[in-house]
Each structure stands twice: as C-alpha cells, then as structure tokens.
file data-v5.cif (mmCIF, C-alpha atoms)
data_model
loop_
_atom_site.label_atom_id
_atom_site.label_comp_id
_atom_site.auth_asym_id
_atom_site.auth_seq_id
_atom_site.Cartn_x
_atom_site.Cartn_y
_atom_site.Cartn_z
CA MET R 9 123.66 111.40 130.32
CA ASN R 10 122.73 113.61 127.39
CA ALA R 11 120.60 113.02 124.36
CA LEU R 12 120.48 114.95 121.10
CA VAL R 13 117.40 114.86 118.89
CA LEU R 14 118.02 115.72 115.24
CA ASN R 15 114.68 116.70 113.77
CA GLY R 16 114.83 116.32 109.98
CA ALA R 17 111.40 117.82 109.24
CA LEU R 18 111.19 119.76 105.98
CA LYS R 19 110.41 123.46 106.21
CA ASP R 20 106.64 123.23 105.92
CA ASP R 21 106.24 119.84 107.54
CA ARG R 22 104.64 120.00 110.98
CA SER R 23 103.82 116.30 111.11
CA ILE R 24 106.68 115.26 113.36
CA GLU R 25 106.50 118.13 115.85
CA THR R 26 104.28 116.10 118.16
CA VAL R 27 106.63 113.12 117.99
CA ASN R 28 109.60 115.35 118.81
CA ARG R 29 107.83 116.67 121.92
CA LEU R 30 106.86 113.15 122.90
CA ILE R 31 110.43 111.87 122.60
CA GLU R 32 111.81 114.80 124.59
CA LYS R 33 109.36 114.07 127.39
CA MET R 34 110.15 110.37 127.40
CA LEU R 35 113.91 110.95 127.46
CA ILE R 36 113.64 113.49 130.29
CA GLU R 37 111.61 110.97 132.27
CA LYS R 38 114.47 108.51 131.80
CA GLY R 39 116.87 111.05 133.29
CA TYR R 40 118.45 112.46 130.13
CA GLU R 41 119.34 116.07 129.46
CA VAL R 42 117.78 116.62 126.07
CA GLU R 43 118.51 119.04 123.25
CA SER R 44 116.38 119.03 120.09
CA ILE R 45 117.63 120.64 116.91
CA LEU R 46 115.28 121.54 114.11
CA LEU R 47 117.80 121.09 111.32
CA HIS R 48 116.13 123.18 108.62
CA GLU R 49 116.45 126.26 110.84
CA LYS R 50 120.24 125.89 110.97
CA LYS R 51 122.80 126.92 108.42
CA ILE R 52 124.22 123.61 107.28
CA GLY R 53 125.88 123.49 103.87
CA GLU R 54 125.91 120.33 101.78
CA CYS R 55 128.92 118.01 102.01
CA LEU R 56 130.85 118.56 98.79
CA GLY R 57 132.73 115.26 98.86
CA CYS R 58 136.10 117.06 98.97
CA PHE R 59 137.55 114.82 101.73
CA GLY R 60 139.15 117.94 103.24
CA CYS R 61 137.99 116.69 106.67
CA TRP R 62 140.33 113.72 106.21
CA ILE R 63 143.34 115.10 104.36
CA LYS R 64 143.46 118.87 104.96
CA THR R 65 142.01 119.53 108.43
CA PRO R 66 141.79 116.03 109.95
CA GLY R 67 138.61 115.55 111.94
CA ILE R 68 137.03 118.92 111.05
CA CYS R 69 134.94 119.81 107.99
CA VAL R 70 136.39 122.59 105.84
CA ILE R 71 132.96 124.30 105.70
CA ASP R 72 132.70 126.66 108.68
CA ASP R 73 129.01 126.61 109.60
CA TYR R 74 126.61 124.89 112.00
CA GLY R 75 127.61 121.53 110.52
CA ARG R 76 130.82 121.73 112.57
CA THR R 77 128.97 122.47 115.82
CA LEU R 78 126.58 119.63 115.09
CA THR R 79 129.39 117.13 114.52
CA GLU R 80 130.95 118.12 117.85
CA ASN R 81 127.60 117.80 119.62
CA ILE R 82 127.04 114.36 118.13
CA ILE R 83 130.37 112.84 119.20
CA ASN R 84 129.92 114.23 122.71
CA SER R 85 126.39 112.88 123.17
CA ASP R 86 125.46 109.60 124.81
CA VAL R 87 122.42 109.12 122.62
CA VAL R 88 121.46 110.68 119.29
CA ILE R 89 117.95 110.35 117.91
CA TYR R 90 117.49 110.72 114.15
CA LEU R 91 113.93 111.86 113.58
CA THR R 92 112.65 111.95 110.03
CA SER R 93 109.70 111.26 107.81
CA VAL R 94 110.34 108.14 105.77
CA VAL R 95 111.17 109.51 102.31
CA PHE R 96 111.00 106.74 99.69
CA GLY R 97 112.40 104.38 102.32
CA GLY R 98 115.25 106.72 103.31
CA TYR R 99 115.92 109.85 105.34
CA SER R 100 114.61 113.34 104.54
CA SER R 101 116.94 115.74 102.71
CA GLU R 102 117.26 117.88 105.86
CA LEU R 103 118.39 114.97 108.04
CA LYS R 104 120.66 113.62 105.30
CA LYS R 105 122.28 117.03 104.82
CA ALA R 106 123.36 116.89 108.46
CA ILE R 107 124.46 113.25 108.33
CA ASP R 108 126.56 113.79 105.20
CA ARG R 109 128.55 116.33 107.20
CA VAL R 110 129.60 113.98 110.01
CA ILE R 111 132.18 111.91 108.09
CA PRO R 112 135.04 113.75 109.88
CA LEU R 113 134.11 111.50 112.81
CA LEU R 114 135.67 108.61 110.88
CA LEU R 115 139.17 108.12 109.46
CA PRO R 116 139.76 107.85 105.73
CA PHE R 117 141.51 104.47 106.08
CA PHE R 118 139.78 101.27 105.15
CA LYS R 119 139.22 98.21 107.26
CA LYS R 120 137.01 95.15 107.06
CA VAL R 121 133.84 95.07 109.14
CA ASN R 122 131.72 91.92 108.86
CA GLY R 123 133.69 90.97 105.74
CA GLU R 124 132.98 94.32 104.03
CA VAL R 125 135.23 97.32 103.58
CA HIS R 126 134.41 100.39 105.71
CA HIS R 127 136.26 103.38 107.09
CA LYS R 128 138.21 103.03 110.33
CA GLU R 129 136.93 104.69 113.48
CA ARG R 130 138.58 107.95 114.59
CA TYR R 131 137.13 108.00 118.11
CA LYS R 132 137.10 105.30 120.77
CA ARG R 133 133.41 105.55 121.39
CA TYR R 134 130.42 106.63 119.35
CA PRO R 135 126.99 107.60 120.62
CA LYS R 136 124.15 105.18 120.48
CA VAL R 137 121.94 106.25 117.58
CA ILE R 138 118.22 105.53 117.46
CA VAL R 139 116.56 106.22 114.15
CA LEU R 140 112.84 106.93 114.10
CA GLY R 141 111.17 107.07 110.70
CA ILE R 142 107.67 108.45 110.79
CA MET R 143 105.26 106.95 108.27
CA GLU R 144 101.81 108.23 107.37
CA ASP R 145 100.63 105.10 105.54
CA GLU R 146 101.53 101.43 105.71
CA ASP R 147 104.14 100.57 103.09
CA TYR R 148 106.00 97.30 103.50
CA ASP R 149 108.71 98.01 100.88
CA MET R 150 109.59 101.43 102.26
CA LYS R 151 109.64 100.06 105.80
CA GLU R 152 112.04 97.30 104.79
CA THR R 153 114.28 99.75 102.90
CA PHE R 154 114.35 102.03 105.94
CA ASN R 155 115.32 99.14 108.22
CA SER R 156 118.08 98.09 105.83
CA LEU R 157 119.41 101.67 105.78
CA ILE R 158 119.64 101.61 109.58
CA LYS R 159 121.56 98.33 109.40
CA ARG R 160 123.95 99.74 106.80
CA ASN R 161 124.57 102.89 108.89
CA SER R 162 125.23 100.70 111.87
CA LEU R 163 128.08 98.91 110.08
CA ASN R 164 129.67 102.26 109.23
CA TRP R 165 129.34 103.59 112.76
CA TYR R 166 130.37 100.53 114.64
CA ASN R 167 127.10 98.85 115.51
CA SER R 168 125.60 101.70 117.44
CA PHE R 169 122.36 102.07 115.49
CA SER R 170 118.87 100.79 116.16
CA GLY R 171 115.31 101.98 115.61
CA GLY R 172 112.79 101.61 112.82
CA THR R 173 109.57 103.03 111.50
CA VAL R 174 106.79 104.56 113.59
CA GLN R 175 103.24 104.80 112.29
CA ASN R 176 101.95 108.35 112.71
CA ASN R 177 98.60 107.87 114.44
CA LEU R 178 97.13 108.34 117.91
CA GLU R 179 99.51 109.82 120.43
CA GLU R 180 99.11 106.96 122.90
CA ASP R 181 99.90 104.38 120.26
CA MET R 182 102.94 106.32 119.01
CA LYS R 183 104.19 106.53 122.57
CA TYR R 184 104.06 102.77 122.77
CA GLN R 185 105.91 102.39 119.45
CA ILE R 186 108.63 104.88 120.46
CA GLU R 187 109.01 103.28 123.89
CA ASP R 188 109.71 100.01 122.13
CA LYS R 189 112.47 101.60 120.01
CA LEU R 190 114.03 103.40 122.98
CA ARG R 191 114.40 100.12 124.84
CA ALA R 192 117.50 99.37 122.76
CA MET R 193 119.10 102.40 124.41
CA GLU R 194 118.56 101.00 127.92
CA VAL R 195 120.11 97.67 127.00
CA SER R 196 123.29 99.43 125.96
CA VAL R 197 123.39 101.47 129.18
CA CYS R 198 123.22 98.32 131.34
CA MET C 29 108.25 112.99 60.94
CA LEU C 30 109.17 111.14 64.10
CA ILE C 31 109.40 113.22 67.23
CA GLN C 32 112.85 112.91 68.73
CA LYS C 33 112.94 111.45 72.22
CA LYS C 34 114.54 113.40 75.02
CA ALA C 35 117.06 112.16 77.57
CA LEU C 36 118.01 114.08 80.69
CA LEU C 37 121.02 113.23 82.83
CA LEU C 38 120.98 114.48 86.41
CA ILE C 39 124.37 114.48 88.09
CA GLY C 40 123.88 113.75 91.77
CA SER C 41 127.46 114.28 92.85
CA PRO C 42 127.89 117.57 94.71
CA LYS C 43 131.29 117.91 92.99
CA ILE C 44 131.05 120.47 90.22
CA LYS C 45 133.83 119.13 88.03
CA LYS C 46 135.21 115.73 87.10
CA SER C 47 132.99 113.53 89.20
CA THR C 48 132.86 109.79 88.55
CA SER C 49 129.06 110.14 88.48
CA GLU C 50 129.32 112.56 85.58
CA ALA C 51 131.84 110.37 83.72
CA LEU C 52 129.51 107.36 83.94
CA GLY C 53 126.42 109.39 83.03
CA ASN C 54 128.19 111.05 80.10
CA TYR C 55 128.98 107.68 78.58
CA VAL C 56 125.30 106.68 78.54
CA LEU C 57 124.21 110.10 77.33
CA ASP C 58 126.70 109.96 74.43
CA GLY C 59 125.32 106.54 73.51
CA LEU C 60 121.76 107.90 73.47
CA ASN C 61 122.87 110.91 71.46
CA LYS C 62 124.21 108.57 68.79
CA LYS C 63 120.83 106.84 68.73
CA GLY C 64 119.15 110.14 67.95
CA TYR C 65 118.02 111.27 71.40
CA VAL C 66 118.00 114.96 72.26
CA CYS C 67 120.29 114.98 75.27
CA GLU C 68 120.75 117.36 78.16
CA LYS C 69 122.56 117.19 81.49
CA LEU C 70 122.15 119.14 84.71
CA HIS C 71 124.12 119.28 87.93
CA ILE C 72 121.60 118.90 90.75
CA LEU C 73 123.24 120.96 93.50
CA SER C 74 123.97 123.86 91.13
CA MET C 75 120.37 123.81 89.86
CA LEU C 76 118.93 123.74 93.40
CA LYS C 77 120.96 126.83 94.25
CA LYS C 78 120.26 128.60 90.98
CA ASP C 79 116.80 127.64 89.75
CA ALA C 80 115.05 124.66 91.32
CA ARG C 81 111.88 125.31 89.30
CA GLU C 82 113.79 124.99 86.06
CA LEU C 83 115.19 121.66 87.26
CA ILE C 84 111.64 120.40 87.84
CA ASN C 85 110.50 121.70 84.44
CA ARG C 86 113.34 119.92 82.64
CA VAL C 87 112.44 116.66 84.41
CA LYS C 88 108.78 117.08 83.42
CA ASP C 89 109.80 117.49 79.80
CA THR C 90 112.03 114.44 79.36
CA ASP C 91 111.23 110.93 78.15
CA ILE C 92 114.07 109.19 79.90
CA LEU C 93 115.57 110.40 83.15
CA ILE C 94 119.03 109.12 84.08
CA ILE C 95 120.36 109.89 87.54
CA SER C 96 124.02 109.19 88.23
CA PHE C 97 125.26 109.67 91.78
CA PRO C 98 127.81 108.62 94.40
CA LEU C 99 126.84 106.72 97.53
CA TYR C 100 126.92 109.06 100.52
CA VAL C 101 126.62 107.38 103.93
CA ASP C 102 124.75 104.37 102.57
CA SER C 103 122.21 106.32 100.54
CA LEU C 104 121.74 109.30 98.24
CA PRO C 105 123.63 112.60 98.66
CA SER C 106 121.33 115.15 100.32
CA PRO C 107 120.90 117.43 97.24
CA LEU C 108 119.58 114.46 95.26
CA ILE C 109 117.08 113.62 98.02
CA LYS C 110 115.99 117.28 97.96
CA ALA C 111 115.49 117.07 94.19
CA LEU C 112 113.43 113.87 94.54
CA GLU C 113 111.28 115.52 97.23
CA LEU C 114 110.63 118.50 94.94
CA MET C 115 109.85 116.28 91.94
CA ALA C 116 107.44 114.18 94.02
CA ASP C 117 105.65 117.30 95.29
CA ASN C 118 105.30 118.59 91.77
CA ARG C 119 103.96 115.29 90.45
CA LYS C 120 101.39 115.14 93.24
CA GLU C 121 99.69 118.13 91.63
CA LYS C 122 99.86 116.91 88.05
CA ARG C 123 101.77 114.09 86.43
CA PRO C 124 103.10 114.53 82.90
CA GLU C 125 100.86 112.90 80.32
CA LYS C 126 103.63 111.10 78.49
CA GLU C 127 105.26 107.94 79.74
CA GLN C 128 108.57 108.64 81.44
CA SER C 129 111.25 106.18 82.46
CA LEU C 130 113.94 106.29 85.10
CA MET C 131 117.32 104.58 85.13
CA VAL C 132 120.01 105.19 87.74
CA ILE C 133 123.75 104.67 88.04
CA VAL C 134 125.34 104.62 91.48
CA ASN C 135 129.00 104.33 92.42
CA CYS C 136 130.59 103.93 95.83
CA GLY C 137 134.12 104.25 97.20
CA PHE C 138 134.07 100.79 98.77
CA PRO C 139 135.02 97.80 96.64
CA GLU C 140 131.68 96.01 97.11
CA ALA C 141 128.97 97.07 94.67
CA PHE C 142 126.25 95.61 96.92
CA GLN C 143 126.81 98.44 99.40
CA ASN C 144 124.71 100.49 96.92
CA ASP C 145 121.65 98.23 97.21
CA THR C 146 119.72 100.38 99.70
CA ALA C 147 120.26 103.48 97.55
CA LEU C 148 118.88 101.61 94.54
CA ARG C 149 115.82 100.54 96.55
CA ILE C 150 115.18 104.18 97.50
CA CYS C 151 115.34 105.20 93.81
CA LYS C 152 112.99 102.38 92.81
CA SER C 153 110.56 103.41 95.51
CA PHE C 154 110.69 107.00 94.20
CA ALA C 155 109.91 105.77 90.68
CA ASN C 156 106.98 103.69 91.88
CA LYS C 157 105.49 106.52 93.95
CA THR C 158 105.84 109.19 91.30
CA GLY C 159 104.84 107.35 88.12
CA PHE C 160 108.19 106.82 86.43
CA LYS C 161 108.64 103.47 84.71
CA TRP C 162 111.55 101.91 86.62
CA LEU C 163 114.12 100.54 84.17
CA GLY C 164 116.54 99.57 86.92
CA GLY C 165 119.92 100.63 88.16
CA LEU C 166 123.59 99.87 87.68
CA ALA C 167 125.78 99.87 90.78
CA MET C 168 129.54 99.74 90.99
CA GLY C 169 132.17 99.66 93.73
CA SER C 170 135.71 101.08 93.68
CA GLY C 171 134.42 104.29 92.11
CA SER C 172 137.61 106.16 92.94
CA ALA C 173 139.48 103.96 90.42
CA ILE C 174 137.64 105.97 87.74
CA ASP C 175 138.27 109.25 89.54
CA GLY C 176 136.11 111.33 87.21
CA ARG C 177 138.03 110.42 84.04
CA PRO C 178 136.15 109.76 80.79
CA ILE C 179 135.25 106.06 80.62
CA GLU C 180 136.44 105.73 77.00
CA GLN C 181 139.99 106.63 78.02
CA LEU C 182 140.41 104.09 80.79
CA GLY C 183 141.21 101.02 78.72
CA GLY C 184 141.03 97.41 79.91
CA MET C 185 140.23 98.11 83.54
CA THR C 186 136.76 99.35 82.66
CA ARG C 187 135.89 96.85 79.91
CA ASN C 188 133.08 95.37 82.02
CA ILE C 189 131.79 98.84 82.86
CA VAL C 190 131.76 99.78 79.18
CA LYS C 191 129.81 96.62 78.31
CA ALA C 192 127.36 97.24 81.15
CA LEU C 193 126.76 100.86 80.11
CA ASN C 194 126.34 99.84 76.45
CA ASN C 195 123.80 97.17 77.42
CA ALA C 196 121.94 99.63 79.62
CA THR C 197 121.86 102.22 76.81
CA GLU C 198 120.37 99.59 74.50
CA ALA C 199 117.75 98.77 77.15
CA ILE C 200 116.82 102.44 77.47
CA VAL C 201 116.35 102.76 73.69
CA ASN C 202 114.05 99.72 73.75
CA ASN C 203 112.31 100.97 76.93
CA GLU C 204 113.16 97.68 78.61
CA ASN C 205 114.57 96.82 82.03
CA VAL C 206 118.34 97.01 82.41
CA PRO C 207 119.37 93.36 81.88
CA THR C 208 120.78 91.28 84.74
CA GLU C 209 123.93 90.70 82.69
CA ALA C 210 124.61 94.46 82.66
CA ILE C 211 123.99 94.69 86.42
CA ASN C 212 126.46 91.86 87.06
CA LEU C 213 129.11 93.31 84.74
CA MET C 214 128.83 96.69 86.43
CA ALA C 215 129.19 95.08 89.86
CA ALA C 216 132.28 93.03 88.90
CA LYS C 217 135.35 94.08 90.89
CA LEU C 218 137.69 96.45 89.02
CA ILE C 219 140.70 95.38 91.07
CA PRO C 220 141.16 92.81 93.86
CA ARG C 221 139.83 93.99 97.18
CA TRP C 222 143.11 93.68 99.11
CA LEU C 223 144.85 95.77 96.47
CA TYR C 224 142.15 98.44 96.66
CA ILE C 225 142.52 98.64 100.46
CA PHE C 226 146.33 98.68 100.21
CA PHE C 227 146.55 101.43 97.59
CA GLY C 228 143.61 103.30 99.09
CA ASN C 229 145.35 103.58 102.47
CA ILE C 230 148.63 104.67 100.87
CA GLY C 231 146.72 107.20 98.77
CA TRP C 232 145.11 108.82 101.83
CA LYS C 233 148.50 109.15 103.55
CA ASN C 234 150.08 110.70 100.45
CA GLN C 235 147.28 113.22 100.09
CA ALA C 236 147.62 114.17 103.77
CA LYS C 237 151.39 114.59 103.28
CA LYS C 238 150.76 117.05 100.46
CA HIS C 239 148.83 119.20 102.91
CA ASN C 240 151.39 118.73 105.69
CA VAL C 241 148.93 117.04 108.01
CA ASP C 242 150.17 113.44 107.89
CA LYS C 243 151.34 113.75 111.53
CA ILE C 244 147.88 114.71 112.75
CA LEU C 245 145.81 112.45 110.53
CA TYR C 246 144.51 110.50 113.54
CA SER C 247 143.71 113.52 115.72
CA LYS C 248 140.48 113.65 117.68
CA PRO C 249 139.74 117.37 117.74
CA LEU C 250 136.09 117.24 118.77
CA PHE C 251 135.95 114.88 121.71
CA LYS C 252 135.77 116.76 125.02
CA ASN C 253 136.52 113.91 127.44
CA ASN C 254 139.42 112.20 125.64
#
call {"tool": "encode", "arguments": {"input": "data-v5.cif", "output": "structure tokens"}}
result
Amino acid sequence: MNALVLNGALKDDRSIETVNRLIEKMLIEKGYEVESILLHEKKIGECLGCFGCWIKTPGICVIDDYGRTLTENIINSDVVIYLTSVVFGGYSSELKKAIDRVIPLLLPFFKKVNGEVHHKERYKRYPKVIVLGIMEDEDYDMKETFNSLIKRNSLNWYNSFSGGTVQNNLEEDMKYQIEDKLRAMEVSVC
Amino acid sequence: MLIQKKALLLIGSPKIKKSTSEALGNYVLDGLNKKGYVCEKLHILSMLKKDARELINRVKDTDILIISFPLYVDSLPSPLIKALELMADNRKEKRPEKEQSLMVIVNCGFPEAFQNDTALRICKSFANKTGFKWLGGLAMGSGSAIDGRPIEQLGGMTRNIVKALNNATEAIVNNENVPTEAINLMAAKLIPRWLYIFFGNIGWKNQAKKHNVDKILYSKPLFKNN
C-alpha cells in the first residue's frame, strides 16, 4: 500500500512542516510506503483550461512538467493526503495549482451523480483522498466552507474524499485529530 | 467637483482571450463606465507572471473590485487564490483608508449554478477577512453556452443574464447588496439540462475528431496496473 502526501504550504510557510512529519510517521506505522511532495518546490504550471487533456492528448495534460508526473503518481496511489492551510475556507494556491492539473484523470463526458451533472470517470478506481486543512484560529464559517469543499470534490471524484480541519496546536492533540481523520482510510481498506 | 469612482475588473480565467469570465465582467464594466466610473481590467495570471506588485497596487486604488472567474474543481482557479493570498498579506500590513467593495461573478461548465456555492463562500470569507464590503456574487451554470462571446450579441438565450448583470451594476452604483432577484435570474438554466448533456457530449466527440483522437478518447495512459 502506498500513500502520497501533497503538501500545499506556501513558500515561506513553515507551519505545516510538523504536521507533515507527523502524518508520515503515522502512515508508516500503519504499514504504508509514504512519499511527501512539497508542491511549491516543483515546477507545476497553472492549468490553462484548454481541455487539451481531453480532446488532444486524452488522459495527459499538454503542459510537459511535474504536473504530469504528479497526476500519474496520484492515480497509482492507494491513498492521497491533501495537506493545506485553510485559506478563506478553501485550499492554498499551491495545493490548488496541483489539483487543477489532475482533470485528465476524468473524461470530458457528462453524467449524473446524485442528481447533478459531473464528468465521467476515466479510470476504474481512484485513490482514497484525505484532506487535512490546518487552521490557526477557530473560525466556524471557514471550517464549514472547507468541509463543503471536501464534499463537492468527493462528488467529482467518485466519493473517495474525507477529512476536515485540524486545529494547529500541541503536537499530541494534533496527533489525535489526524488519527481521527485517518480512520476513514481504514474503513475503506476493510 | 465630484471625484470619479474607480472600478477594477479582475479576470480570474487563466485563458488569455475570449473567456466567458471576461465576457461577463466586461458587461458589468461597460455598465459602470456609462455611469461615470473610471474603469480598468486586468488578467490575473498575466499580472502574476508580469508584475504582481502592480496588481496589488491597482486593487488598493479601486473603489469597487469585481472578480469574474470560472469554477475550477469546485473552487477558484489557482492563480486567483494566489492573488487573494497576496492581497490579504498586503492588507495585513495596512488597509486602504477608503471604503472598498467586492462583487464576484462565477460561471461553471455544469448546468447547475449551485455548484458554484462553495466558491462564493470562499470569496465572501476573503472579503470579510480583508475589509472589503461584500456586495455578493452572481453564479451561473452552463457557462460554455456563452463561450467567451460578448453578452450583448447573444440574444434571447441570455436575457436573464443581461437582467441579472444590469441589476447587479445598479446595486454596485448604489453600494448595495446584489439583489436576490439578480442572483436567481443569473442562476436560471440557459437550456434544459438533458439538452446540455446531449450536446455537450456530442461537442466533446467532435472536438476530439478534429484532433484525430476520437478512437483513443477513453484511453487510460497513466494507470500502471490496468
């Protein structure tokens, strides 16, 4: 079993380094092979909304950079952890830059999911995604927005998302919070 | 003499030309221009690459900020998030003394306008945290039906959109919240959902045919254990 941690910290943000190390340790203890990627260190261009990955080179982004490698790593992982600071209730620009590049994993065609229109799946299976949003202060609205974003992503990626916000405080307490979020992963494995 | 108010449109679509986001934003900006506003528009991704500081300075200088963007994976395109992060950092140091307002327009490729709700909540949260007066947001589905064409030229199909944008422009001039009526008009379906799915799927196939890849449209090039 392999797990991929996508660390969406901004260039000068050290606040989620500790959490990244903590998650790595916890996943290794559960028997996973873990790779962490600090996204801002990689060359990942912005998705330009050209749909080339659907209609020119099906399944592969037309931009030849680390975004392609990342997409391949994601689809071949058992578990992917999105790690980000909660930015106005959403993901950081670094994490989002990577996520915007993974639409080649879907097909352009539409289908209904839960009564809404979404894109059809290209692959038979998708990794389980656990989203961890690190928050410095309590903020109910941002927390709710973040949770709703996870739910929306889950509909697009065929119900494989879970997670939520984690309050950045004492290491022991964070460990407890993360453990709680990782439990969803074990349920899916059983 | 009255000081003319300034309006700044930020285009959040990474597409340089003919984006639906720009078409929608242009319509509001033209309306404000007619009301005497000094208007300016900037393409976010180009500004981030060229001169991010100038982007921040233009935002600091405006009275009304309008951000028009497409929904990317359930939220904002990454360059727009980057711009919001930079603006927030800048405003932490010193907020502009004048009152500034924010209004957003978001469009998505799915027929349901409500799929934009989370993106609107993120924008509202940004406004609240950074001291912009939140005027509200207009969200529409079936954005590809506009396909970057000027709204004025689209005729009957966009009559509700035109009304919604006119109402929103009026609200901006009066520094009031975008009215619920405008929000509902903007969210009204442009074409029936089944028709959108039907033509959408045909459209994708035709585009793939043009590039000679219609036979491999369903390929799974990245999966190692397939």
call {"tool": "residues_around", "arguments": {"input": "data-v5.cif", "residues": "Asp145 (chain R)", "least_positions_apart": "6", "cutoff": "10 Å", "atoms": "only C-alpha atoms", "output": "list in words"}}
result
Gln175, Asn176 and Asn177 of chain R
call {"tool": "write_last_selection", "arguments": {"input": "data-v5.cif", "atoms": "C-alpha atoms", "output": "short mmCIF file (atom, residue, chain, number, x, y, z; two decimals), in the frame of the given file"}}
result
data_model
loop_
_atom_site.label_atom_id
_atom_site.label_comp_id
_atom_site.auth_asym_id
_atom_site.auth_seq_id
_atom_site.Cartn_x
_atom_site.Cartn_y
_atom_site.Cartn_z
CA GLN R 175 103.24 104.80 112.29
CA ASN R 176 101.95 108.35 112.71
CA ASN R 177 98.60 107.87 114.44
#
call {"tool": "closest_atom_pairs", "arguments": {"input": "data-v5.cif", "of": "chain C", "to": "chain R", "cutoff": "7 Å", "atoms": "all atoms listed in the file", "output": "CSV"}}
result
residue,atom,partner,partner_atom,distance
C:Pro42,CA,R:Leu56,CA,5.1
C:Lys43,CA,R:Leu56,CA,5.9
C:Tyr100,CA,R:Asp108,CA,6.7
C:Val101,CA,R:Asp108,CA,6.5
C:Asp102,CA,R:Arg160,CA,6.3
C:Ser106,CA,R:Lys105,CA,5.0
C:Pro107,CA,R:Ser101,CA,7.0
C:Ile109,CA,R:Ser101,CA,5.1
C:Lys110,CA,R:Ser101,CA,5.1
C:Phe138,CA,R:Val125,CA,6.0
C:Pro139,CA,R:Val125,CA,7.0
C:Thr146,CA,R:Leu157,CA,6.2
C:Arg149,CA,R:Thr153,CA,6.6
C:Ile150,CA,R:Phe96,CA,5.4
C:Ser153,CA,R:Phe96,CA,5.4
C:Phe154,CA,R:Phe96,CA,5.5
C:Ile225,CA,R:Phe118,CA,6.0
C:Asn229,CA,R:Phe117,CA,5.3
C:Trp232,CA,R:Pro116,CA,6.7
C:Gln235,CA,R:Ile63,CA,6.1
C:Ala236,CA,R:Ile63,CA,4.4
C:His239,CA,R:Lys64,CA,5.8
C:Val241,CA,R:Lys64,CA,6.5
C:Ile244,CA,R:Pro66,CA,6.8
C:Leu245,CA,R:Pro66,CA,5.4
C:Tyr246,CA,R:Arg130,CA,6.5
C:Ser247,CA,R:Pro66,CA,6.6
C:Lys248,CA,R:Gly67,CA,6.3
C:Pro249,CA,R:Gly67,CA,6.2
C:Leu250,CA,R:Glu80,CA,5.3
C:Phe251,CA,R:Asn84,CA,6.1
C:Lys252,CA,R:Asn84,CA,6.8
call {"tool": "resolve_selection", "arguments": {"input": "data-v5.cif", "expression": "the PyMOL selection byres ((chain R and resi 46-49) around 7)", "output": "JSON list (two decimals) with C-alpha atoms, in the coordinates of the input"}}
result
[["chain", "number", "residue", "atom", "x", "y", "z"],
["R", 14, "LEU", "CA", 118.02, 115.72, 115.24],
["R", 15, "ASN", "CA", 114.68, 116.70, 113.77],
["R", 16, "GLY", "CA", 114.83, 116.32, 109.98],
["R", 18, "LEU", "CA", 111.19, 119.76, 105.98],
["R", 19, "LYS", "CA", 110.41, 123.46, 106.21],
["R", 44, "SER", "CA", 116.38, 119.03, 120.09],
["R", 45, "ILE", "CA", 117.63, 120.64, 116.91],
["R", 50, "LYS", "CA", 120.24, 125.89, 110.97],
["R", 51, "LYS", "CA", 122.80, 126.92, 108.42],
["R", 102, "GLU", "CA", 117.26, 117.88, 105.86],
["R", 103, "LEU", "CA", 118.39, 114.97, 108.04]]
call {"tool": "atom_distance", "arguments": {"input": "data-v5.cif", "atom1": "CA of Ser47 (chain C)", "atom2": "CA of Leu108 (chain C)"}}
result
14.7 Å
call {"tool": "resolve_selection", "arguments": {"input": "data-v5.cif", "expression": "the PyMOL selection byres ((chain C and resi 115) around 9)", "output": "JSON, numbers by chain"}}
result
{"C": [83, 84, 87, 88, 110, 111, 112, 113, 114, 116, 117, 118, 119, 120, 158]}
call {"tool": "resolve_selection", "arguments": {"input": "data-v5.cif", "expression": "the PyMOL selection byres ((chain C and resi 125-136) around 6)", "output": "list in words"}}
result
Asp91, Ile92, Leu93, Ile94, Ile95, Ser96, Phe97, Pro98, Leu99, Pro124, Gly137, Phe138, Phe160, Lys161, Trp162, Leu163, Gly164, Gly165, Leu166, Ala167, Met168, Gly169 and Gly171 of chain C
call {"tool": "atom_distance", "arguments": {"input": "data-v5.cif", "atom1": "CA of Ile138 (chain R)", "atom2": "CA of Lys189 (chain R)"}}
result
7.4 Å
call {"tool": "atom_distance", "arguments": {"input": "data-v5.cif", "atom1": "CA of Val206 (chain C)", "atom2": "CA of Asn194 (chain C)"}}
result
10.4 Å
call {"tool": "residues_near_point", "arguments": {"input": "data-v5.cif", "point": "(138.3, 101.4, 79.5)", "cutoff": "12 Å", "atoms": "all atoms listed in the file", "output": "list in words"}}
result
Ala51, Leu52, Tyr55, Ala173, Ile174, Arg177, Pro178, Ile179, Glu180, Gln181, Leu182, Gly183, Gly184, Met185, Thr186, Arg187, Asn188, Ile189, Val190, Lys191, Ala192, Leu193 and Leu218 of chain C
call {"tool": "residues_around", "arguments": {"input": "data-v5.cif", "residues": "Asn28 (chain R)", "least_positions_apart": "6", "cutoff": "12 Å", "atoms": "all atoms listed in the file", "output": "mmCIF file with C-alpha atoms, in the frame of the given file"}}
result
data_model
loop_
_atom_site.group_PDB
_atom_site.id
_atom_site.type_symbol
_atom_site.label_atom_id
_atom_site.label_comp_id
_atom_site.auth_asym_id
_atom_site.auth_seq_id
_atom_site.Cartn_x
_atom_site.Cartn_y
_atom_site.Cartn_z
ATOM 1 C CA LEU R 12 120.480 114.950 121.100
ATOM 2 C CA VAL R 13 117.400 114.860 118.890
ATOM 3 C CA LEU R 14 118.020 115.720 115.240
ATOM 4 C CA ASN R 15 114.680 116.700 113.770
ATOM 5 C CA GLY R 16 114.830 116.320 109.980
ATOM 6 C CA ALA R 17 111.400 117.820 109.240
ATOM 7 C CA ARG R 22 104.640 120.000 110.980
ATOM 8 C CA MET R 34 110.150 110.370 127.400
ATOM 9 C CA LEU R 35 113.910 110.950 127.460
ATOM 10 C CA VAL R 42 117.780 116.620 126.070
ATOM 11 C CA GLU R 43 118.510 119.040 123.250
ATOM 12 C CA SER R 44 116.380 119.030 120.090
ATOM 13 C CA ILE R 45 117.630 120.640 116.910
ATOM 14 C CA LEU R 46 115.280 121.540 114.110
ATOM 15 C CA ILE R 89 117.950 110.350 117.910
ATOM 16 C CA TYR R 90 117.490 110.720 114.150
ATOM 17 C CA LEU R 91 113.930 111.860 113.580
ATOM 18 C CA THR R 92 112.650 111.950 110.030
ATOM 19 C CA SER R 93 109.700 111.260 107.810
ATOM 20 C CA LEU R 140 112.840 106.930 114.100
ATOM 21 C CA GLY R 141 111.170 107.070 110.700
ATOM 22 C CA ILE R 142 107.670 108.450 110.790
ATOM 23 C CA GLU R 179 99.510 109.820 120.430
ATOM 24 C CA MET R 182 102.940 106.320 119.010
ATOM 25 C CA LYS R 183 104.190 106.530 122.570
ATOM 26 C CA ILE R 186 108.630 104.880 120.460
#
